[in-house]
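**Student:** Provided herewith: protein_39.tsv, TSV, C-alpha atoms.
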chain	number	residue	atom	x	y	z
A	1	MET	CA	0.00	0.00	0.00
A	2	TYR	CA	1.37	3.40	-0.98
A	3	THR	CA	1.22	6.23	1.55
A	4	ASP	CA	2.67	8.99	-0.64
A	5	ALA	CA	1.44	10.04	-4.07
A	6	MET	CA	2.83	7.81	-6.77
A	7	LYS	CA	4.63	9.20	-9.79
A	8	ALA	CA	3.13	8.17	-13.12
A	9	GLY	CA	4.01	8.51	-16.76
A	10	ILE	CA	1.81	8.36	-19.83
A	11	VAL	CA	3.46	7.19	-23.04
A	12	GLY	CA	1.46	8.38	-26.04
A	13	ALA	CA	-0.33	11.06	-24.07
A	14	SER	CA	-1.56	13.19	-26.97
A	15	GLY	CA	-4.16	10.73	-28.33
A	16	TYR	CA	-7.73	10.48	-27.11
A	17	THR	CA	-7.00	7.79	-24.51
A	18	GLY	CA	-3.91	9.67	-23.30
A	19	VAL	CA	-5.88	12.89	-22.95
A	20	GLU	CA	-8.61	11.01	-21.09
A	21	LEU	CA	-6.00	9.58	-18.72
A	22	LEU	CA	-4.77	13.10	-18.04
A	23	ARG	CA	-8.34	14.28	-17.34
A	24	LEU	CA	-9.00	11.44	-14.88
A	25	LEU	CA	-5.63	11.55	-13.14
A	26	ALA	CA	-5.96	15.30	-12.55
A	27	GLY	CA	-8.49	14.36	-9.88
A	28	HIS	CA	-6.69	11.30	-8.50
A	29	PRO	CA	-5.41	11.95	-4.94
A	30	ASP	CA	-2.79	9.18	-4.97
A	31	ILE	CA	-1.27	9.47	-8.46
A	32	ASP	CA	0.67	12.46	-9.78
A	33	VAL	CA	1.46	12.65	-13.49
A	34	ALA	CA	5.19	13.32	-13.74
A	35	VAL	CA	6.03	12.54	-17.37
A	36	VAL	CA	3.98	12.67	-20.57
A	37	THR	CA	5.40	11.63	-23.90
A	38	ALA	CA	4.21	12.18	-27.45
A	39	HIS	CA	6.99	12.13	-30.00
A	40	SER	CA	5.03	13.95	-32.70
A	41	HIS	CA	4.27	16.78	-30.24
A	42	ALA	CA	7.56	16.83	-28.30
A	43	GLY	CA	8.24	20.27	-26.87
A	44	GLN	CA	4.62	21.41	-27.07
A	45	LEU	CA	2.65	22.41	-23.99
A	46	VAL	CA	-0.05	19.92	-23.09
A	47	GLY	CA	-2.54	22.74	-22.56
A	48	GLU	CA	-1.73	24.25	-25.95
A	49	HIS	CA	-2.34	20.96	-27.73
A	50	THR	CA	-5.47	20.13	-25.70
A	51	PRO	CA	-6.85	23.35	-24.14
A	52	SER	CA	-9.26	21.46	-21.87
A	53	LEU	CA	-6.20	20.31	-19.88
A	54	ALA	CA	-4.55	23.74	-19.55
A	55	ALA	CA	-5.78	24.53	-16.03
A	56	ALA	CA	-4.83	21.11	-14.65
A	57	TYR	CA	-1.37	20.88	-16.23
A	58	PRO	CA	0.09	24.39	-16.57
A	59	GLY	CA	3.61	24.27	-17.90
A	60	MET	CA	3.61	20.50	-18.60
A	61	VAL	CA	5.33	19.68	-21.88
A	62	TYR	CA	5.18	16.58	-24.04
A	63	GLU	CA	8.52	14.77	-24.13
A	64	ALA	CA	10.01	12.43	-26.72
A	65	ALA	CA	10.74	9.40	-24.54
A	66	GLY	CA	9.48	6.03	-25.76
A	67	PRO	CA	8.60	4.80	-29.25
A	68	GLY	CA	9.54	7.25	-31.97
A	69	ALA	CA	12.11	9.05	-29.81
A	70	PRO	CA	15.40	10.15	-31.42
A	71	ASP	CA	17.00	6.86	-30.41
A	72	SER	CA	15.46	3.75	-31.91
A	73	PRO	CA	12.00	2.84	-30.55
A	74	ASP	CA	13.46	-0.25	-28.88
A	75	SER	CA	16.48	1.46	-27.36
A	76	PRO	CA	16.51	1.48	-23.57
A	77	ASP	CA	18.18	4.92	-23.74
A	78	SER	CA	14.99	6.39	-25.18
A	79	LEU	CA	13.20	5.36	-21.96
A	80	ASP	CA	15.52	7.05	-19.46
A	81	ARG	CA	12.95	9.74	-18.64
A	82	LEU	CA	10.60	7.03	-17.33
A	83	ASP	CA	13.13	5.44	-14.97
A	84	GLY	CA	11.91	4.96	-11.42
A	85	LEU	CA	8.26	5.82	-12.00
A	86	ASP	CA	5.77	3.89	-9.90
A	87	LEU	CA	3.31	3.54	-12.76
A	88	VAL	CA	3.36	3.91	-16.54
A	89	PHE	CA	0.34	3.90	-18.82
A	90	CYS	CA	1.01	2.99	-22.44
A	91	ALA	CA	-1.57	4.67	-24.69
A	92	LEU	CA	0.00	3.70	-27.99
A	93	PRO	CA	-1.23	2.25	-31.29
A	94	HIS	CA	-1.21	-1.52	-31.47
A	95	GLY	CA	2.21	-3.05	-32.01
A	96	GLU	CA	4.30	-0.38	-30.29
A	97	SER	CA	3.89	-1.47	-26.66
A	98	GLN	CA	5.11	-5.02	-27.27
A	99	ARG	CA	8.41	-3.63	-28.54
A	100	MET	CA	8.80	-1.14	-25.69
A	101	VAL	CA	7.52	-3.01	-22.62
A	102	PRO	CA	10.33	-5.63	-22.40
A	103	ALA	CA	12.87	-2.83	-21.98
A	104	LEU	CA	10.62	-0.89	-19.60
A	105	ARG	CA	9.64	-3.61	-17.14
A	106	ASP	CA	12.75	-3.43	-14.95
A	107	ARG	CA	12.71	0.37	-14.96
A	108	VAL	CA	9.25	1.10	-13.52
A	109	GLY	CA	6.88	-0.38	-10.97
A	110	THR	CA	3.65	-1.20	-12.80
A	111	ILE	CA	2.75	-0.97	-16.50
A	112	VAL	CA	-0.82	-0.68	-17.75
A	113	ASP	CA	-1.12	-1.12	-21.50
A	114	LEU	CA	-4.26	0.24	-23.18
A	115	ALA	CA	-3.58	-1.40	-26.56
A	116	ALA	CA	-4.18	-5.02	-27.55
A	117	ASP	CA	-0.50	-5.96	-27.37
A	118	PHE	CA	-0.78	-8.18	-24.29
A	119	ARG	CA	-4.49	-9.07	-24.15
A	120	LEU	CA	-4.50	-12.35	-26.05
A	121	ARG	CA	-3.05	-15.37	-24.25
A	122	ASP	CA	-2.34	-17.36	-27.42
A	123	PRO	CA	0.52	-15.80	-29.45
A	124	ALA	CA	-0.67	-17.69	-32.55
A	125	LEU	CA	-3.73	-15.40	-32.67
A	126	TYR	CA	-1.69	-12.28	-33.37
A	127	PRO	CA	-0.64	-13.14	-36.96
A	128	THR	CA	-4.24	-14.12	-37.74
A	129	TRP	CA	-5.97	-11.06	-36.29
A	130	TYR	CA	-3.22	-8.42	-36.24
A	131	GLY	CA	-1.16	-9.41	-39.25
A	132	GLU	CA	2.21	-10.02	-37.57
A	133	GLU	CA	3.99	-12.21	-35.07
A	134	HIS	CA	4.08	-10.97	-31.49
A	135	ALA	CA	7.40	-9.33	-30.56
A	136	ALA	CA	7.36	-10.48	-26.92
A	137	PRO	CA	5.30	-13.68	-26.72
A	138	ASP	CA	6.87	-14.74	-23.41
A	139	LEU	CA	5.18	-11.80	-21.68
A	140	LEU	CA	1.65	-12.75	-22.72
A	141	ALA	CA	1.27	-15.24	-19.89
A	142	GLU	CA	2.56	-12.68	-17.37
A	143	ALA	CA	0.10	-9.93	-18.26
A	144	ALA	CA	-3.00	-9.67	-16.07
A	145	PHE	CA	-6.17	-9.11	-18.09
A	146	GLY	CA	-7.69	-5.79	-17.12
A	147	LEU	CA	-11.43	-6.10	-16.72
A	148	PRO	CA	-11.87	-5.99	-12.93
A	149	GLU	CA	-15.53	-6.99	-12.72
A	150	LEU	CA	-14.73	-10.30	-14.42
A	151	PHE	CA	-11.02	-10.87	-13.68
A	152	ARG	CA	-10.29	-8.96	-10.49
A	153	SER	CA	-8.40	-11.78	-8.78
A	154	GLY	CA	-5.53	-11.57	-11.26
A	155	LEU	CA	-4.96	-7.83	-10.81
A	156	ALA	CA	-3.82	-7.45	-7.20
A	157	GLY	CA	-0.07	-6.88	-7.22
A	158	ALA	CA	0.21	-7.23	-11.00
A	159	THR	CA	3.13	-5.40	-12.60
A	160	LEU	CA	1.96	-5.78	-16.22
A	161	ILE	CA	-1.71	-5.25	-17.05
A	162	ALA	CA	-3.44	-5.46	-20.42
A	163	ALA	CA	-6.55	-3.30	-20.07
A	164	ALA	CA	-9.49	-4.81	-21.95
A	165	GLY	CA	-10.69	-3.25	-25.19
A	166	CYS	CA	-13.81	-1.11	-25.45
A	167	TYR	CA	-16.00	-3.47	-27.48
A	168	PRO	CA	-14.86	-6.57	-25.52
A	169	THR	CA	-15.63	-4.80	-22.25
A	170	ALA	CA	-19.18	-4.06	-23.35
A	171	ALA	CA	-19.77	-7.56	-24.71
A	172	GLY	CA	-18.07	-9.21	-21.74
A	173	LEU	CA	-20.11	-7.34	-19.15
A	174	ALA	CA	-23.34	-8.08	-21.02
A	175	LEU	CA	-22.70	-11.79	-21.57
A	176	ALA	CA	-20.15	-13.24	-19.16
A	177	PRO	CA	-22.51	-13.74	-16.19
A	178	LEU	CA	-24.99	-15.57	-18.43
A	179	VAL	CA	-22.30	-17.80	-19.97
A	180	ARG	CA	-20.70	-18.53	-16.59
A	181	ALA	CA	-24.08	-19.43	-15.09
A	182	GLY	CA	-24.69	-21.88	-17.93
A	183	LEU	CA	-27.85	-20.07	-19.03
A	184	VAL	CA	-26.83	-19.63	-22.67
A	185	GLU	CA	-25.13	-21.74	-25.31
A	186	PRO	CA	-21.41	-20.92	-25.67
A	187	SER	CA	-21.59	-21.10	-29.47
A	188	GLY	CA	-23.27	-18.97	-32.08
A	189	ILE	CA	-23.30	-15.83	-29.91
A	190	ILE	CA	-23.88	-12.63	-31.87
A	191	VAL	CA	-22.50	-9.27	-30.76
A	192	ASP	CA	-23.85	-6.28	-32.67
A	193	ALA	CA	-22.26	-3.08	-31.35
A	194	ALA	CA	-21.97	0.58	-32.29
A	195	SER	CA	-19.26	3.03	-31.25
A	196	GLY	CA	-18.71	6.75	-31.44
A	197	VAL	CA	-15.95	8.11	-33.69
A	198	SER	CA	-13.50	8.71	-30.83
A	199	GLY	CA	-12.94	4.95	-30.82
A	200	ALA	CA	-10.96	5.33	-34.03
A	201	GLY	CA	-8.42	7.64	-32.41
A	202	ARG	CA	-7.30	11.22	-32.86
A	203	GLY	CA	-5.45	10.80	-36.16
A	204	VAL	CA	-6.80	12.50	-39.27
A	205	LYS	CA	-8.67	10.04	-41.49
A	206	GLU	CA	-10.88	10.92	-44.43
A	207	SER	CA	-13.53	8.40	-43.37
A	208	LEU	CA	-13.85	10.19	-40.01
A	209	HIS	CA	-14.35	13.71	-41.32
A	210	PHE	CA	-17.55	15.37	-40.11
A	211	GLY	CA	-19.00	15.28	-43.62
A	212	ALA	CA	-18.42	11.52	-43.83
A	213	VAL	CA	-19.69	10.56	-40.38
A	214	ASP	CA	-22.60	12.93	-39.84
A	215	GLU	CA	-26.01	11.48	-40.75
A	216	ASP	CA	-24.46	8.10	-41.47
A	217	PHE	CA	-24.43	4.71	-39.72
A	218	VAL	CA	-22.15	2.04	-41.15
A	219	ALA	CA	-20.90	-1.45	-40.33
A	220	TYR	CA	-17.20	-2.22	-40.69
A	221	GLY	CA	-14.69	-4.99	-40.00
A	222	LEU	CA	-17.15	-7.62	-41.16
A	223	GLN	CA	-16.20	-11.13	-39.93
A	224	HIS	CA	-12.61	-10.15	-39.05
A	225	HIS	CA	-12.62	-7.35	-36.50
A	226	ARG	CA	-9.60	-7.65	-34.21
A	227	HIS	CA	-11.66	-7.60	-31.02
A	228	THR	CA	-13.33	-10.92	-31.88
A	229	PRO	CA	-10.71	-13.22	-30.30
A	230	GLU	CA	-10.59	-11.03	-27.20
A	231	MET	CA	-14.35	-11.41	-26.76
A	232	GLU	CA	-14.04	-15.16	-27.22
A	233	GLN	CA	-11.24	-15.28	-24.64
A	234	ILE	CA	-13.32	-13.33	-22.10
A	235	LEU	CA	-16.41	-15.46	-22.61
A	236	GLY	CA	-14.94	-18.85	-23.41
A	237	ALA	CA	-17.46	-18.89	-26.23
A	238	GLN	CA	-17.78	-18.54	-30.00
A	239	VAL	CA	-18.72	-15.03	-31.16
A	240	LEU	CA	-19.79	-13.43	-34.42
A	241	PHE	CA	-19.01	-9.74	-33.96
A	242	THR	CA	-20.17	-6.87	-36.16
A	243	PRO	CA	-19.12	-3.32	-35.18
A	244	HIS	CA	-20.77	-0.14	-36.43
A	245	LEU	CA	-19.70	3.50	-36.53
A	246	ALA	CA	-22.32	5.84	-35.08
A	247	PRO	CA	-22.45	9.62	-35.65
A	248	MET	CA	-21.54	10.51	-32.05
A	249	VAL	CA	-18.28	11.32	-30.29
A	250	ARG	CA	-18.39	8.97	-27.29
A	251	GLY	CA	-20.17	5.78	-26.38
A	252	ILE	CA	-20.68	2.12	-27.17
A	253	LEU	CA	-23.93	0.21	-27.21
A	254	ALA	CA	-23.52	-3.55	-27.52
A	255	THR	CA	-26.60	-5.61	-28.35
A	256	CYS	CA	-25.83	-9.29	-27.83
A	257	TYR	CA	-27.83	-12.38	-28.80
A	258	ALA	CA	-27.48	-15.93	-27.49
A	259	ARG	CA	-29.55	-19.12	-27.39
A	260	PRO	CA	-30.68	-20.53	-24.02
A	261	ALA	CA	-28.81	-23.64	-22.94
A	262	PRO	CA	-30.93	-26.81	-23.08
A	263	GLY	CA	-33.00	-27.44	-19.98
A	264	VAL	CA	-32.40	-24.10	-18.25
A	265	GLY	CA	-35.17	-22.12	-16.62
A	266	ALA	CA	-37.35	-22.82	-13.63
A	267	GLY	CA	-40.67	-22.50	-15.43
A	268	THR	CA	-42.37	-24.89	-17.84
A	269	SER	CA	-41.86	-22.39	-20.66
A	270	GLY	CA	-38.08	-22.25	-20.17
A	271	LEU	CA	-35.76	-19.37	-19.33
A	272	THR	CA	-37.36	-16.05	-18.39
A	273	THR	CA	-36.36	-12.41	-18.33
A	274	ALA	CA	-36.60	-12.44	-14.54
A	275	GLU	CA	-34.05	-15.24	-14.35
A	276	VAL	CA	-31.45	-13.60	-16.61
A	277	MET	CA	-31.90	-10.26	-14.85
A	278	ALA	CA	-31.41	-12.01	-11.51
A	279	VAL	CA	-28.07	-13.36	-12.72
A	280	LEU	CA	-26.97	-9.86	-13.77
A	281	HIS	CA	-28.02	-8.44	-10.41
A	282	GLU	CA	-26.12	-11.17	-8.58
A	283	ALA	CA	-23.01	-10.46	-10.63
A	284	TYR	CA	-23.06	-6.67	-10.47
A	285	ASP	CA	-25.13	-5.24	-7.63
A	286	ASP	CA	-22.00	-4.92	-5.48
A	287	GLU	CA	-19.92	-3.51	-8.33
A	288	PRO	CA	-19.42	0.27	-8.13
A	289	PHE	CA	-19.14	0.74	-11.89
A	290	VAL	CA	-21.93	-1.45	-13.27
A	291	VAL	CA	-25.62	-0.50	-13.16
A	292	VAL	CA	-28.20	-3.19	-13.87
A	293	THR	CA	-31.22	-1.38	-15.28
A	294	ASP	CA	-34.71	-2.44	-16.30
A	295	ALA	CA	-34.71	0.28	-18.96
A	296	PRO	CA	-32.74	-0.21	-22.20
A	297	PRO	CA	-29.16	1.04	-21.60
A	298	SER	CA	-28.25	4.42	-23.05
A	299	THR	CA	-24.86	5.72	-24.14
A	300	LYS	CA	-25.85	9.22	-22.98
A	301	ALA	CA	-26.33	7.93	-19.43
A	302	THR	CA	-22.70	6.73	-19.30
A	303	ALA	CA	-20.90	9.61	-21.08
A	304	GLY	CA	-17.93	10.84	-19.07
A	305	SER	CA	-18.30	8.22	-16.33
A	306	ASN	CA	-16.59	4.92	-15.61
A	307	CYS	CA	-19.96	3.18	-15.34
A	308	ALA	CA	-21.46	0.59	-17.65
A	309	HIS	CA	-25.22	0.01	-17.80
A	310	VAL	CA	-26.51	-3.51	-18.55
A	311	SER	CA	-29.87	-5.14	-19.06
A	312	ALA	CA	-31.27	-8.38	-20.52
A	313	ARG	CA	-34.43	-9.93	-21.91
A	314	VAL	CA	-35.64	-13.35	-22.96
A	315	ASP	CA	-37.84	-13.34	-26.05
A	316	ALA	CA	-40.22	-16.27	-25.65
A	317	ARG	CA	-41.49	-15.94	-29.22
A	318	THR	CA	-38.12	-16.44	-30.95
A	319	GLY	CA	-36.24	-18.17	-28.14
A	320	TRP	CA	-33.35	-15.68	-28.12
A	321	VAL	CA	-31.70	-14.21	-25.05
A	322	LEU	CA	-30.92	-10.51	-25.54
A	323	SER	CA	-28.31	-8.78	-23.35
A	324	LEU	CA	-27.22	-5.16	-23.71
A	325	CYS	CA	-24.45	-2.93	-22.39
A	326	ALA	CA	-23.78	0.78	-22.79
A	327	LEU	CA	-20.55	2.50	-21.76
A	328	ASP	CA	-18.25	5.40	-22.58
A	329	ASN	CA	-15.60	3.95	-24.87
A	330	LEU	CA	-12.93	6.38	-23.63
A	331	VAL	CA	-13.62	5.88	-19.92
A	332	LYS	CA	-14.84	2.41	-18.93
A	333	GLY	CA	-13.82	1.23	-22.40
A	334	ALA	CA	-10.25	2.53	-22.11
A	335	SER	CA	-8.67	5.09	-19.77
A	336	GLY	CA	-11.06	4.78	-16.82
A	337	GLN	CA	-10.67	1.04	-16.93
A	338	ALA	CA	-6.88	1.45	-16.99
A	339	VAL	CA	-7.00	3.63	-13.86
A	340	GLN	CA	-9.41	1.17	-12.19
A	341	CYS	CA	-6.96	-1.66	-12.90
A	342	ALA	CA	-4.03	0.38	-11.59
A	343	ASN	CA	-5.94	1.09	-8.38
A	344	VAL	CA	-6.50	-2.63	-7.81
A	345	ALA	CA	-2.92	-3.56	-8.68
A	346	LEU	CA	-1.45	-0.97	-6.34
A	347	GLY	CA	-3.72	-1.68	-3.38
A	348	LEU	CA	-5.70	1.55	-3.63
A	349	PRO	CA	-9.48	1.74	-3.23
A	350	GLU	CA	-10.76	0.66	-6.64
A	351	THR	CA	-12.99	3.70	-7.14
A	352	THR	CA	-10.30	6.30	-6.42
A	353	GLY	CA	-10.27	9.15	-8.93
A	354	LEU	CA	-13.00	7.69	-11.10
A	355	PRO	CA	-16.33	9.38	-11.86
A	356	VAL	CA	-19.55	7.46	-11.39
A	357	VAL	CA	-21.76	10.32	-12.61
A	358	GLY	CA	-22.08	10.96	-16.32
A	359	LEU	CA	-22.48	14.23	-18.19
A	360	TYR	CA	-26.06	15.23	-18.96
A	361	PRO	CA	-27.31	16.62	-21.23
Please rewrite the model in this file as structure tokens.

**Tutor:**
Amino acid sequence: MYTDAMKAGIVGASGYTGVELLRLLAGHPDIDVAVVTAHSHAGQLVGEHTPSLAAAYPGMVYEAAGPGAPDSPDSPDSLDRLDGLDLVFCALPHGESQRMVPALRDRVGTIVDLAADFRLRDPALYPTWYGEEHAAPDLLAEAAFGLPELFRSGLAGATLIAAAGCYPTAAGLALAPLVRAGLVEPSGIIVDAASGVSGAGRGVKESLHFGAVDEDFVAYGLQHHRHTPEMEQILGAQVLFTPHLAPMVRGILATCYARPAPGVGAGTSGLTTAEVMAVLHEAYDDEPFVVVTDAPPSTKATAGSNCAHVSARVDARTGWVLSLCALDNLVKGASGQAVQCANVALGLPETTGLPVVGLYP
């Protein structure tokens, strides 16, 4: 247990998840941000690049340590500025953390990676879903999976954490209690989810221009989205995942479909809505960041908070079980989850520094 404020660094702090980490950590009583890196913005004031952070971080400047620094991305010398930090968050594009973390592990206390570099346990999945061999496969078994509501026991004392992805978090929270309770078949599960444009990152892309996104709703990544194997790992089940881009900035709504397992349900007509809702309540009523709601979950209700809202139904007419989850993709789906995991790993109260109230309207 730490008694003094810990010193933290954020590698890749100029992207949306890095900026969100800075917003959340500005209100964290036990973690002080000491170093922020962003090679493409090295030398620029944080508050100049992102004015919403100016009051919280006056005078803080992005540094060039880490991937893309003047030394090679893998050179330990490029990481000197991070030496001795209690905590480092890696908010980098996929592929960069796995080349940096091996050199960083002996230099800092705890590493929380927000990318997919250490989420999958099976290294053979990376060439299939990410197009290249993993650069540090030996570390995959050492990384704790960062979704506390479902995998909390592996986080206490962890020194390398792979925070779960946004879509897998939503699908996992909606479905895992039902799969674990044996209420639904672990094959043929369908996850149909929509995300706001911030999920694609801060980089300039023609497909994300206002004129392209506004008044549009489009599916993408059909049959091969990279989050599919992560969902299957969380659930221990087969998943068909279809993501959609929605014309909003923040939020994910996952609508998940599964078939009841044979013979489940107390009534003569089989599984009921009351039974699946009871399982969700049992799983989450003591969780500070999950709300089980009778009303259909809303992305607006979760915006800016670390809370996820879940609900479920059984449709007697078609026989499908329907489970839904809404969350803020940048908070519970990324940076808030990373802070939550760090709190658990470092022995701090899990809710420290994390908002449970969303922004409305």

**Student:** Could you build a table of the residues in range 224-335 of chain A lying no more than 12 Å from range 74-98 of chain A, giving for each the nearest pair of atoms and their separation in Å rounded to one decimal place, using only C-alpha atoms, ordered by chain and ascending residue number, as a Markdown table?

**Tutor:**
| residue | atom | partner | partner_atom | distance |
| --- | --- | --- | --- | --- |
| A:Arg226 | CA | A:His94 | CA | 10.7 |
| A:Leu330 | CA | A:Ala91 | CA | 11.5 |
| A:Ala334 | CA | A:Ala91 | CA | 9.3 |
| A:Ser335 | CA | A:Ala91 | CA | 8.6 |

**Student:** Using all atoms listed in the file, find the one residue out of A:Leu222, A:Val184, A:Ala64, A:Leu53 that sits nearest to Val279 in chain A.

**Tutor:**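 Ranking A:Leu222, A:Val184, A:Ala64, A:Leu53 by distance to Val279 in chain A, first place goes to A:Val184.
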
**Student:** Hey, can you check how far CA of Gly199 in chain A sits from CA of Leu140 in chain A?

**Tutor:**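 It comes out at 24.3 Å.
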
**Student:** Rounded to one decimal, what separation in Å do you get between CA of Ala116 in chain A and CA of Ser153 in chain A?

**Tutor:**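 These atoms are spaced 20.4 Å apart.
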
**Student:** How many Å separate CA of Thr272 in chain A from CA of Arg180 in chain A?

**Tutor:** 16.9 Å

**Student:** Determine the nearest neighbour of Ala34 in chain A from the options A:Leu208, A:Ala8, A:Ala174, A:Ala56, counting all atoms listed in the file.

**Tutor:** A:Ala8

**Student:** Which one of A:Val191, A:Leu45, A:Val61, A:Leu324 sits closest to Leu253 in chain A if you count all atoms listed in the file?

**Tutor:**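 Among A:Val191, A:Leu45, A:Val61, A:Leu324, it is A:Leu324 that comes nearest to Leu253 in chain A.
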
**Student:** Which residues are close to range 246-252 of chain A, i.e. within 8 Å by all atoms listed in the file, leaving aside same-chain residues fewer than 5 positions away? Reply as a PyMOL selection string.

**Tutor:** chain A and resi 166-167+170+193-199+213-218+299-300+302-303+325-330

**Student:** Using all atoms listed in the file for the distances, tell me which of A:Gly59, A:Ala164, A:Gly157, A:His28 is nearest to Gly43 in chain A.

**Tutor:**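 Of the candidates, the smallest distance to Gly43 in chain A is held by A:Gly59.
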
**Student:** Might you pull out every residue within 12 Å of Asp315 in chain A, with only C-alpha atoms counted and same-chain residues fewer than 4 positions away left off, and present them as a list in words?

**Tutor:**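 Result of the neighbour search: Tyr257, Ala258, Arg259, Pro260, Ser269, Gly270, Leu271, Thr272, Thr273, Ala274, Val276, Gly319, Trp320, Val321, Leu322 and Ser323 of chain A.
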
**Student:** Give me the residues within 7 Å of Ala38 in chain A as a PyMOL selection string, counting only C-alpha atoms and dropping any in the same chain fewer than 5 places off.

**Tutor:** chain A and resi 11-14+62-64

**Student:** Calculated over all atoms listed in the file, which of the candidates A:Thr318, A:Pro177, A:Ala54, A:Leu359 has the smallest distance to Glu282 in chain A?

**Tutor:**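 Nearest to Glu282 in chain A: A:Pro177.
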
**Student:** With distances taken over all atoms listed in the file, which residue among A:Leu125, A:Val108, A:Leu235, A:Leu173 lies nearest Cys307 in chain A?

**Tutor:** A:Leu173

**Student:** Sort by chain and increasing residue number a table of all residues of range 287-349 of chain A within 10 Å of range 19-25 of chain A, each with its closest pair of atoms and their distance in Å to one decimal, counting all atoms listed in the file, and write it as CSV.

**Tutor:**
residue,atom,partner,partner_atom,distance
A:Gly304,CA,A:Glu20,CA,9.5
A:Ser305,CA,A:Leu24,CA,9.9
A:Leu330,CA,A:Glu20,CA,6.8
A:Val331,CA,A:Glu20,CA,7.3
A:Ala334,CA,A:Glu20,CA,8.7
A:Ser335,CA,A:Leu21,CA,5.3
A:Gly336,CA,A:Leu21,CA,7.2
A:Gln337,CA,A:Leu21,CA,9.9
A:Ala338,CA,A:Leu21,CA,8.4
A:Val339,CA,A:Leu21,CA,7.7
